[in-house]
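Undergrad: Take a look at the following structure, please.
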Amino acid sequence: MSPDPLAPDPVLSAEDVSVKFGGLSALANVSLQVPSGRIVALIGPNGAGKTTMFNVLTGLQETTTGRVRFNGADISGWPTYRRGRAGIARTFQRLALFTRLSVSDNLVASWESSHRGGVFGRGRSLRQERVHQVMELLNLWPIADRLAGELSTGQGRMVELGRALCTDPHVLLLDEPGSGLDVKETAAFCDVLRTVVRGPSAPAVLLVEHDMTLVMEVCSALTVLDFGKVIACGSPEEIRNDELVRAAYLGDVSVA
Amino acid sequence: MSAFYPFIVIGLFTGSVYGLAAMGVVLTYKTVGVFNLAYGAVAMFCAYTYWELHDHWGITAWLAMPILFLVVAPILGLILEGLYRPLAGLSAEVLIVVSLGILAALGALVPIIYGSQDRQLQAIFPTKTFVLGSHLHVGYDQMGTLVVSLSMAALLWALLRHTKFGTSTRAVVDNPDLADMIGVHGDNVRRAAWILSTFFAALVGIMISPRQGLDIYQLVLVVIYCFAPAVLGRLVSLPLAYIGGLILGIIGSILSKYSNSGTVANLEAAFPYLSLFVLLVVLGPRLKEVGTATRRLAVAAVAAPGKKKSGASATLFAIGQGRWRVGVDRNLTLGLVGFVLAILVPLAVPGPRLLIIIGGVIYALIALTLVVLTGWAGQISLAQFSFVGVGAFTAGHLAGSHGQHFLFAVLIGMLLSAPLAVVVGLASLRLSGLYLALATLAFALVMDTIVFNRTDVSGGLTGISVPRPQIFGISFTGRIALYELVVVIFGLIAVAAYALRAGPMGRRLHILRDSPLAASTLGVNLTVTKLVVFTACAMVAALGGSFYGAWTQAITPLDFMWTASLELLLLVVLGGRAVISGAIIAGSVVATQALPFIPVEVNKILALTIALGVIGLAQEPEGTARMTARQTMHVLAVMKPLPKRYRNTLGLPAPSGAVPDPPVDRRVPAPAGSGEGVSSHVA
């Protein structure tokens with residue numbers, strides 16, 4: 001149950017966050033850390049409160065109690081857009097692309113939303129540079145001029161990831177990036193994700209995912225939620241051997 | 001308290017009709033996902049039909065009523081069902097536009113079928129009174145209305161609660177596709193809902209009309225009263241809607257006790273709309289849009305085989321790198337040519353008809369603000385003419401009776417419209433789609449009743465006069481000078497809008513429309529963006545209003561009523577709500593009155609044609625603008641010189657008659673290089 005003592009300072013953390021919808025407690029005193037430069041996962045059965053946690057972290061959901069810290073500062077009161085500009089980017093479980101813009105415009109719009117300038121001169125070249133870089137990284141060139149609304153789910157997830165990356169995030173929240181993807185697409189996504197977190201200014205990643213293979217493969221730490229409570233947290237090894245987690249979630253799945 | 005007693009009883013009578021109407025509106029919303037803004041028009045149409053049958057043809061009520069309720073209403077219901085069926089699952093915007101189209105179509109149809117003279121519908125119940133309690137005189141008609149309404153409400157409740165129809169309805173509401181799969185015949189349920197709803201509308205129509213007088217827009221307006229109770233039931237609860245109707249009736253009746261003086265009378269008249277606005281804003285985020293389950297499925301179904309359609313829009317919305325530069329140049333050229341031609345119009349039409357064309361240009365300017373607001377930013381507004389009115393009346397007062405400079409008056413008008421726009425903008429932060437449209441409608445009606453109705457603001461029905469501008473020593477009193485001035489203003493603002501669209505602001509408007517949530521996580525401040533868009537559009541509308549005033553020289557509150565805003569939206573949809581040329585087409589339609597050969601009769605038909613065109617084009621953001629561009633390209637394709645490659649294969653320049661047609665891809669307006677980007681960027 002102990003967090004990795006060697007983990008770097010958390011870039012984003014939640015402290016004792018509770019969210020109540022009327023009488024229903026969606027999250028109860030959940031704490032969570034995302035160390036910089038790492039990929040950590042938030043797992044749990046459906047309805048455990050994972051997406052609610054994401055909404056809390058991005059400011060889409062108000063908390064009943066608890067705080068959110070980002071690079072040491074208390075950002076609990078910040079509106080969503082301010083968190084976005086500060087460097088918290090997310091994707092959505094149900095795709096939320098700008099369907100009437102082309103793929104490249106999705107990325108450009110994202111860059112413009114999170115940065116100043118970008119119309120003329122140096123800002124514009126910075127913008128182009130970053131967008132090109134992301135398109136290259138995620139292999140989006142073949143679909144650059146397609147409308148985002150007509151993409152397949154797999155391509156859509158890539159565009160959402162690209163859109164998030166264009167904000168130059170410090171931390172990246174991925175909400176079930178593997179759902180709706182086939183085995184091949186999932187593998188491709190894993191590869192891309194590993195490339196994304198490489199490099200000096202790479203973002204930390206918090207991942208919500210049901211695909212245990214994906215999670216176990218890429219994550220350095222996991223937090224397990226069930227009915228809004230943290231029932232375990234630790235390295236993949238520890239989680240895999242945790243009795244509570246097996247009972248609540250993993251069942252008899254033995255992951256190699 | 002006893003002083004209020006009679007008012008409460010009388011309020012119950014009127015309220016019971018509101019309740020009935022509210023239930024009719026809620027019924028189709030919860031079963032089909034269609035909020036029928038045309039509900040009042042349906043009621044009006046039924047009332048006119050009954051008048052024709054009963055009062056005009058002299059058919060006895062015992063026969064006329066069965067004809068109305070068992071033949072006319074069901075057929076009308078089925079027609080409506082048929083109109084809406086192919087639209088299932090489309091965006092709220094499309095459904096609103098269609099219902100407004102139906103409203104306008106029925107409004108245009110009635111004068112064509114039944115003539116347009118004034119008429120009075122005979123009461124269906126005897127109007128004799130009896131004494132209730134000690135001294136309260138109650139009409140049998142009022143009592144009858146209450147009894148009919150209550151029994152209908154009870155019947156509907158029993159039907160939904162205790163029959164198979166009820167459970168099927170709930171299944172269909174929940175998830176239409178699943179309901180179909182488990183054997184509920186969704187189409188039949190929807191048909192039944194439409195028939196029932198129209199039946200209620202007919203009842204409302206013949207019960208209200210004897211007291212209100214039979215008038216096309218009066219009844220539509222009365223039914224808008226019932227939107228507030230419908231919203232109180234969050235558009236899904238029938239009992240709450242009915243009770244809300246009763247409460248509204250009672251409050252209205254009590255308010256009427258004090259409504260002798262001007263301001264209070266205005267407040268009383270505005271009460272239903274004020275409460276609608278407030279209810280919408282307060283309930284705001286808790287209001288859900290019905291039919292989202294189908295919505296996603298339908299969109300997926302459309303997107304999959306939509307190669308043709310999406311290809312077309314791909315060129316339209318490709319604002320990205322590289323490609324749009326070509327488009328900009330081409331469009332600017334086109335725009336410049338159009339501008340020069342527009343400047344030269346007075347040479348061709350020097351006479352008084354030029355005045356009507358000036359009106360068209362000003363209308364296009366106002367329409368442009370709606371293109372930006374609704375077509376680009378996706379914020380439906382049914383209140384744009386309220387801002388026009390603010391600009392016009394300010395110009396009238398300041399530049400007219402106070403003798404200020406015209407430009408100063410324009411500026412003040414624009415500044416005055418800004419805070420009002422912020423009110424609507426703030427509402428838009430909590431509302432979207434249908435609910436925003438309702439809120440803007442309520443706003444327009446509040447402006448009508450509270451602000452424009454005041455004689456110190458608008459001069460009452462006689463109105464006030466606005467002088468023609470005199471700017472920097474140049475007098476724009478003459479029609480040619482005024483024409484050139486408004487054309488230049490329109491050109492400047494169109495260019496500004498065009499530049500805005502191609503740049504970051506254009507993208508921002510798009511993402512605001514496609515996924516506001518995602519946009520905010522990327523760093524877009526929704527509050528600021530929406531307020532800026534609403535305010536900018538309102539200010540330009542107010543600018544247009546000042547010139548509208550200067551153009552007509554005499555303005556009355558009737559010029560800026562909610563119907564004007566509604567008409568504006570219809571014309572913009574017809575022209576093309578996502579393109580600047582759509583605004584120009586809207587203006588041209590208004591200016592067609594300048595044509596020398598249009599008699600009044602044709603105007604009636606024209607109104608109907610426009611309404612039907614709107615219903616047909618509701619799904620087409622580029623409206624007729626796109627179609628005309630495509631047609632033009634087809635025509636031009638014939639005159640296009642043959643491609644070089646083609647000549648080479650033939651070896652020698654063949655005589656043009658012998659050459660077979662060049663291979664023209666039918667899907668693309670014209671082959672790349674000549675036509676690409678023109679039609680898509682004629683913005």
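Identifiers for the structure tokens are assigned positionally: chains receive A, B, ... in sequence, residues are indexed from 1 per chain, and ligands are indexed from 1 in the order shown.
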What's the 7 Å shell around region 247-256 of chain B, counting only C-alpha atoms, without same-chain residues fewer than 6 positions away, as a ChimeraX atom specification?

TA: /B:4,7-8,10-12,14-15,268

Undergrad: If you run DSSP on the backbone here, which positions in region 79-185 of chain B get strand (DSSP E)? Please write them as a list in words.

TA: Thr129, Phe130, Val131, Leu132, Leu136, His137, Val138 and Gly139 of chain B

Undergrad: Nearest to chain A among B:Ser275, B:Ser168, B:Thr145, B:Thr521, with distances taken over only C-alpha atoms: which residue is it?

TA: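 Residue with the minimum atom-to-atom distance to chain A: B:Thr521.
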
Undergrad: Go through chain A and flag each residue having an atom no more than 7 Å from chain B; for those, report the closest pair of atoms plus their distance in Å to one decimal, using only C-alpha atoms, ordered by chain and rising number, as JSON lines.

TA:
```
{"residue": "A:Thr58", "atom": "CA", "partner": "B:Thr521", "partner_atom": "CA", "distance": 6.8}
{"residue": "A:Thr80", "atom": "CA", "partner": "B:Thr521", "partner_atom": "CA", "distance": 5.7}
{"residue": "A:Tyr81", "atom": "CA", "partner": "B:Gly523", "partner_atom": "CA", "distance": 3.9}
{"residue": "A:Arg82", "atom": "CA", "partner": "B:Gly523", "partner_atom": "CA", "distance": 6.0}
{"residue": "A:Gly84", "atom": "CA", "partner": "B:Gly523", "partner_atom": "CA", "distance": 4.4}
{"residue": "A:Arg85", "atom": "CA", "partner": "B:Gly523", "partner_atom": "CA", "distance": 4.8}
{"residue": "A:Ala89", "atom": "CA", "partner": "B:Leu522", "partner_atom": "CA", "distance": 6.5}
{"residue": "A:Ala96", "atom": "CA", "partner": "B:Ala518", "partner_atom": "CA", "distance": 6.1}
{"residue": "A:Leu97", "atom": "CA", "partner": "B:Ser515", "partner_atom": "CA", "distance": 6.8}
{"residue": "A:Phe98", "atom": "CA", "partner": "B:Asp514", "partner_atom": "CA", "distance": 5.1}
{"residue": "A:Thr99", "atom": "CA", "partner": "B:Asp514", "partner_atom": "CA", "distance": 6.2}
{"residue": "A:Arg100", "atom": "CA", "partner": "B:Phe317", "partner_atom": "CA", "distance": 6.7}
{"residue": "A:Leu101", "atom": "CA", "partner": "B:Phe317", "partner_atom": "CA", "distance": 6.0}
{"residue": "A:Ser102", "atom": "CA", "partner": "B:Ala318", "partner_atom": "CA", "distance": 5.9}
{"residue": "A:Ser104", "atom": "CA", "partner": "B:Gly320", "partner_atom": "CA", "distance": 6.5}
{"residue": "A:Asp105", "atom": "CA", "partner": "B:Gly320", "partner_atom": "CA", "distance": 5.3}
{"residue": "A:Ala109", "atom": "CA", "partner": "B:Arg507", "partner_atom": "CA", "distance": 6.1}
{"residue": "A:Ser110", "atom": "CA", "partner": "B:Leu522", "partner_atom": "CA", "distance": 6.0}
{"residue": "A:Glu112", "atom": "CA", "partner": "B:Pro504", "partner_atom": "CA", "distance": 7.0}
{"residue": "A:Ser113", "atom": "CA", "partner": "B:Gly523", "partner_atom": "CA", "distance": 5.2}
{"residue": "A:Ser114", "atom": "CA", "partner": "B:Gly523", "partner_atom": "CA", "distance": 4.9}
{"residue": "A:Arg146", "atom": "CA", "partner": "B:Ala314", "partner_atom": "CA", "distance": 6.9}
{"residue": "A:Leu147", "atom": "CA", "partner": "B:Ala314", "partner_atom": "CA", "distance": 6.1}
{"residue": "A:Glu150", "atom": "CA", "partner": "B:Ala303", "partner_atom": "CA", "distance": 5.9}
{"residue": "A:Thr167", "atom": "CA", "partner": "B:Leu522", "partner_atom": "CA", "distance": 6.8}
```

Undergrad: Please, could you write that set of residues out with N, CA and C atoms as a PDB file, in the first residue's frame?

TA:
```
ATOM      1  N   THR A  58      -9.847  18.258 -13.541  1.00  0.00           N
ATOM      2  CA  THR A  58      -9.880  19.280 -14.589  1.00  0.00           C
ATOM      3  C   THR A  58     -10.845  20.409 -14.264  1.00  0.00           C
ATOM      4  N   THR A  80     -11.985  25.547 -15.170  1.00  0.00           N
ATOM      5  CA  THR A  80     -11.424  24.553 -16.089  1.00  0.00           C
ATOM      6  C   THR A  80     -10.398  25.140 -17.057  1.00  0.00           C
ATOM      7  N   TYR A  81     -10.759  26.273 -17.681  1.00  0.00           N
ATOM      8  CA  TYR A  81      -9.878  26.788 -18.728  1.00  0.00           C
ATOM      9  C   TYR A  81      -8.526  27.193 -18.180  1.00  0.00           C
ATOM     10  N   ARG A  82      -8.517  27.652 -16.899  1.00  0.00           N
ATOM     11  CA  ARG A  82      -7.242  28.076 -16.319  1.00  0.00           C
ATOM     12  C   ARG A  82      -6.339  26.871 -16.104  1.00  0.00           C
ATOM     13  N   GLY A  84      -6.467  24.224 -17.894  1.00  0.00           N
ATOM     14  CA  GLY A  84      -6.022  23.825 -19.227  1.00  0.00           C
ATOM     15  C   GLY A  84      -4.812  24.624 -19.667  1.00  0.00           C
ATOM     16  N   ARG A  85      -4.859  25.923 -19.417  1.00  0.00           N
ATOM     17  CA  ARG A  85      -3.740  26.774 -19.830  1.00  0.00           C
ATOM     18  C   ARG A  85      -2.498  26.490 -19.001  1.00  0.00           C
ATOM     19  N   ALA A  89      -4.014  18.595 -19.309  1.00  0.00           N
ATOM     20  CA  ALA A  89      -4.775  18.279 -20.512  1.00  0.00           C
ATOM     21  C   ALA A  89      -5.453  16.933 -20.331  1.00  0.00           C
ATOM     22  N   ALA A  96     -14.763  13.652 -27.718  1.00  0.00           N
ATOM     23  CA  ALA A  96     -15.304  15.020 -27.777  1.00  0.00           C
ATOM     24  C   ALA A  96     -14.459  15.838 -28.738  1.00  0.00           C
ATOM     25  N   LEU A  97     -14.439  15.410 -29.997  1.00  0.00           N
ATOM     26  CA  LEU A  97     -13.643  16.116 -30.999  1.00  0.00           C
ATOM     27  C   LEU A  97     -14.416  17.312 -31.533  1.00  0.00           C
ATOM     28  N   PHE A  98     -13.686  18.211 -32.171  1.00  0.00           N
ATOM     29  CA  PHE A  98     -14.355  19.314 -32.860  1.00  0.00           C
ATOM     30  C   PHE A  98     -14.720  18.789 -34.239  1.00  0.00           C
ATOM     31  N   THR A  99     -15.902  18.214 -34.328  1.00  0.00           N
ATOM     32  CA  THR A  99     -16.223  17.362 -35.469  1.00  0.00           C
ATOM     33  C   THR A  99     -16.244  18.096 -36.802  1.00  0.00           C
ATOM     34  N   ARG A 100     -16.496  19.399 -36.780  1.00  0.00           N
ATOM     35  CA  ARG A 100     -16.606  20.098 -38.048  1.00  0.00           C
ATOM     36  C   ARG A 100     -15.309  20.757 -38.478  1.00  0.00           C
ATOM     37  N   LEU A 101     -14.257  20.511 -37.698  1.00  0.00           N
ATOM     38  CA  LEU A 101     -12.948  21.012 -38.115  1.00  0.00           C
ATOM     39  C   LEU A 101     -12.116  19.836 -38.601  1.00  0.00           C
ATOM     40  N   SER A 102     -11.155  20.126 -39.472  1.00  0.00           N
ATOM     41  CA  SER A 102     -10.273  19.072 -39.932  1.00  0.00           C
ATOM     42  C   SER A 102      -9.351  18.664 -38.792  1.00  0.00           C
ATOM     43  N   SER A 104      -6.118  18.665 -38.644  1.00  0.00           N
ATOM     44  CA  SER A 104      -5.064  19.637 -38.361  1.00  0.00           C
ATOM     45  C   SER A 104      -5.637  20.861 -37.638  1.00  0.00           C
ATOM     46  N   ASP A 105      -6.837  21.256 -38.005  1.00  0.00           N
ATOM     47  CA  ASP A 105      -7.440  22.405 -37.325  1.00  0.00           C
ATOM     48  C   ASP A 105      -7.785  22.091 -35.878  1.00  0.00           C
ATOM     49  N   ALA A 109      -6.447  24.595 -33.233  1.00  0.00           N
ATOM     50  CA  ALA A 109      -7.372  25.236 -32.298  1.00  0.00           C
ATOM     51  C   ALA A 109      -6.938  24.974 -30.867  1.00  0.00           C
ATOM     52  N   SER A 110      -6.437  23.772 -30.628  1.00  0.00           N
ATOM     53  CA  SER A 110      -5.979  23.432 -29.290  1.00  0.00           C
ATOM     54  C   SER A 110      -4.776  24.277 -28.896  1.00  0.00           C
ATOM     55  N   GLU A 112      -3.970  27.166 -30.067  1.00  0.00           N
ATOM     56  CA  GLU A 112      -4.398  28.559 -29.894  1.00  0.00           C
ATOM     57  C   GLU A 112      -5.154  28.771 -28.584  1.00  0.00           C
ATOM     58  N   SER A 113      -5.873  27.731 -28.152  1.00  0.00           N
ATOM     59  CA  SER A 113      -6.644  27.887 -26.930  1.00  0.00           C
ATOM     60  C   SER A 113      -5.741  27.983 -25.711  1.00  0.00           C
ATOM     61  N   SER A 114      -4.573  27.347 -25.789  1.00  0.00           N
ATOM     62  CA  SER A 114      -3.744  27.263 -24.598  1.00  0.00           C
ATOM     63  C   SER A 114      -2.546  28.204 -24.638  1.00  0.00           C
ATOM     64  N   ARG A 146      -8.793  15.391 -43.118  1.00  0.00           N
ATOM     65  CA  ARG A 146     -10.131  14.801 -42.931  1.00  0.00           C
ATOM     66  C   ARG A 146     -10.870  15.556 -41.833  1.00  0.00           C
ATOM     67  N   LEU A 147     -12.195  15.532 -41.920  1.00  0.00           N
ATOM     68  CA  LEU A 147     -12.990  16.121 -40.842  1.00  0.00           C
ATOM     69  C   LEU A 147     -12.931  15.193 -39.635  1.00  0.00           C
ATOM     70  N   GLU A 150     -15.582  12.433 -39.079  1.00  0.00           N
ATOM     71  CA  GLU A 150     -15.762  11.232 -39.887  1.00  0.00           C
ATOM     72  C   GLU A 150     -14.659  10.195 -39.636  1.00  0.00           C
ATOM     73  N   THR A 167      -1.355  21.344 -26.243  1.00  0.00           N
ATOM     74  CA  THR A 167      -1.393  22.364 -25.202  1.00  0.00           C
ATOM     75  C   THR A 167      -0.096  22.381 -24.404  1.00  0.00           C
TER      76      THR A 167
END
```

Undergrad: Mind checking DSSP for region 146-221 of chain A and telling me the alpha helix (DSSP H) residues as a ChimeraX atom specification?

TA: /A:153-165,183-196,212-218

Undergrad: Deliver the residues from the most recent selection as a file, using N, CA and C atoms, as an mmCIF file, in the first residue's frame.

TA:
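Below you can see result19.cif, which holds the result:
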```cif
data_model
loop_
_atom_site.group_PDB
_atom_site.id
_atom_site.type_symbol
_atom_site.label_atom_id
_atom_site.label_comp_id
_atom_site.auth_asym_id
_atom_site.auth_seq_id
_atom_site.Cartn_x
_atom_site.Cartn_y
_atom_site.Cartn_z
ATOM 1 N N THR A 153 -13.058 5.385 -34.400
ATOM 2 C CA THR A 153 -12.766 5.623 -32.992
ATOM 3 C C THR A 153 -11.266 5.641 -32.735
ATOM 4 N N GLY A 154 -10.554 4.703 -33.346
ATOM 5 C CA GLY A 154 -9.111 4.629 -33.128
ATOM 6 C C GLY A 154 -8.417 5.905 -33.546
ATOM 7 N N GLN A 155 -8.763 6.377 -34.741
ATOM 8 C CA GLN A 155 -8.165 7.633 -35.221
ATOM 9 C C GLN A 155 -8.584 8.792 -34.329
ATOM 10 N N GLY A 156 -9.853 8.771 -33.922
ATOM 11 C CA GLY A 156 -10.373 9.833 -33.065
ATOM 12 C C GLY A 156 -9.596 9.916 -31.763
ATOM 13 N N ARG A 157 -9.281 8.749 -31.182
ATOM 14 C CA ARG A 157 -8.522 8.761 -29.924
ATOM 15 C C ARG A 157 -7.138 9.365 -30.135
ATOM 16 N N MET A 158 -6.553 9.068 -31.282
ATOM 17 C CA MET A 158 -5.243 9.639 -31.590
ATOM 18 C C MET A 158 -5.350 11.157 -31.695
ATOM 19 N N VAL A 159 -6.403 11.623 -32.367
ATOM 20 C CA VAL A 159 -6.552 13.070 -32.539
ATOM 21 C C VAL A 159 -6.764 13.736 -31.175
ATOM 22 N N GLU A 160 -7.556 13.080 -30.334
ATOM 23 C CA GLU A 160 -7.755 13.664 -29.005
ATOM 24 C C GLU A 160 -6.445 13.742 -28.246
ATOM 25 N N LEU A 161 -5.642 12.690 -28.376
ATOM 26 C CA LEU A 161 -4.333 12.706 -27.716
ATOM 27 C C LEU A 161 -3.487 13.832 -28.286
ATOM 28 N N GLY A 162 -3.517 13.945 -29.616
ATOM 29 C CA GLY A 162 -2.743 14.992 -30.259
ATOM 30 C C GLY A 162 -3.198 16.372 -29.821
ATOM 31 N N ARG A 163 -4.497 16.520 -29.714
ATOM 32 C CA ARG A 163 -5.060 17.800 -29.306
ATOM 33 C C ARG A 163 -4.590 18.143 -27.896
ATOM 34 N N ALA A 164 -4.580 17.128 -27.020
ATOM 35 C CA ALA A 164 -4.121 17.360 -25.651
ATOM 36 C C ALA A 164 -2.636 17.724 -25.647
ATOM 37 N N LEU A 165 -1.857 17.037 -26.497
ATOM 38 C CA LEU A 165 -0.408 17.297 -26.519
ATOM 39 C C LEU A 165 -0.095 18.699 -27.016
ATOM 40 N N VAL A 183 -7.142 -4.945 -30.918
ATOM 41 C CA VAL A 183 -5.845 -5.298 -30.345
ATOM 42 C C VAL A 183 -4.708 -4.540 -31.015
ATOM 43 N N LYS A 184 -4.787 -4.453 -32.332
ATOM 44 C CA LYS A 184 -3.714 -3.798 -33.074
ATOM 45 C C LYS A 184 -3.643 -2.311 -32.734
ATOM 46 N N GLU A 185 -4.821 -1.699 -32.725
ATOM 47 C CA GLU A 185 -4.868 -0.265 -32.412
ATOM 48 C C GLU A 185 -4.372 -0.002 -30.999
ATOM 49 N N THR A 186 -4.746 -0.904 -30.071
ATOM 50 C CA THR A 186 -4.288 -0.739 -28.693
ATOM 51 C C THR A 186 -2.776 -0.798 -28.619
ATOM 52 N N ALA A 187 -2.211 -1.746 -29.325
ATOM 53 C CA ALA A 187 -0.753 -1.879 -29.319
ATOM 54 C C ALA A 187 -0.103 -0.617 -29.866
ATOM 55 N N ALA A 188 -0.673 -0.111 -30.961
ATOM 56 C CA ALA A 188 -0.139 1.119 -31.558
ATOM 57 C C ALA A 188 -0.237 2.267 -30.558
ATOM 58 N N PHE A 189 -1.366 2.316 -29.854
ATOM 59 C CA PHE A 189 -1.554 3.396 -28.892
ATOM 60 C C PHE A 189 -0.511 3.304 -27.781
ATOM 61 N N CYS A 190 -0.250 2.047 -27.310
ATOM 62 C CA CYS A 190 0.778 1.834 -26.279
ATOM 63 C C CYS A 190 2.122 2.384 -26.735
ATOM 64 N N ASP A 191 2.472 2.055 -27.966
ATOM 65 C CA ASP A 191 3.758 2.520 -28.501
ATOM 66 C C ASP A 191 3.826 4.029 -28.478
ATOM 67 N N VAL A 192 2.768 4.644 -28.985
ATOM 68 C CA VAL A 192 2.741 6.102 -29.038
ATOM 69 C C VAL A 192 2.871 6.682 -27.643
ATOM 70 N N LEU A 193 2.145 6.087 -26.701
ATOM 71 C CA LEU A 193 2.152 6.592 -25.340
ATOM 72 C C LEU A 193 3.562 6.557 -24.759
ATOM 73 N N ARG A 194 4.278 5.484 -25.046
ATOM 74 C CA ARG A 194 5.649 5.381 -24.534
ATOM 75 C C ARG A 194 6.541 6.460 -25.146
ATOM 76 N N THR A 195 6.326 6.754 -26.421
ATOM 77 C CA THR A 195 7.114 7.817 -27.047
ATOM 78 C C THR A 195 6.777 9.164 -26.421
ATOM 79 N N VAL A 196 5.493 9.339 -26.129
ATOM 80 C CA VAL A 196 5.045 10.624 -25.592
ATOM 81 C C VAL A 196 5.742 10.938 -24.280
ATOM 82 N N MET A 212 -6.200 -4.435 -18.794
ATOM 83 C CA MET A 212 -5.150 -4.635 -17.796
ATOM 84 C C MET A 212 -3.792 -4.867 -18.439
ATOM 85 N N THR A 213 -3.798 -5.466 -19.632
ATOM 86 C CA THR A 213 -2.518 -5.685 -20.297
ATOM 87 C C THR A 213 -1.843 -4.344 -20.541
ATOM 88 N N LEU A 214 -2.617 -3.427 -21.101
ATOM 89 C CA LEU A 214 -2.091 -2.096 -21.388
ATOM 90 C C LEU A 214 -1.587 -1.440 -20.104
ATOM 91 N N VAL A 215 -2.408 -1.513 -19.070
ATOM 92 C CA VAL A 215 -2.070 -0.837 -17.819
ATOM 93 C C VAL A 215 -0.787 -1.428 -17.211
ATOM 94 N N MET A 216 -0.780 -2.744 -17.095
ATOM 95 C CA MET A 216 0.373 -3.390 -16.460
ATOM 96 C C MET A 216 1.648 -3.135 -17.252
ATOM 97 N N GLU A 217 1.487 -3.006 -18.557
ATOM 98 C CA GLU A 217 2.652 -2.839 -19.405
ATOM 99 C C GLU A 217 3.293 -1.462 -19.270
ATOM 100 N N VAL A 218 2.497 -0.427 -19.212
ATOM 101 C CA VAL A 218 3.081 0.907 -19.292
ATOM 102 C C VAL A 218 3.175 1.665 -17.964
#
```

Undergrad: List the neighbours of Phe227 (chain B) out to 12 Å using only C-alpha atoms; skip same-chain residues closer than 5 positions along the sequence, and give me the result as JSON, numbers by chain.

TA: {"B": [18, 19, 20, 21, 22, 23, 24, 25, 26, 29, 35, 36, 37, 38, 39, 40, 220, 221, 222, 232, 233, 234, 235, 241, 242, 244, 245, 248, 272, 273, 274, 275, 276, 277, 279, 280, 434, 435, 437, 438, 439, 441, 442]}
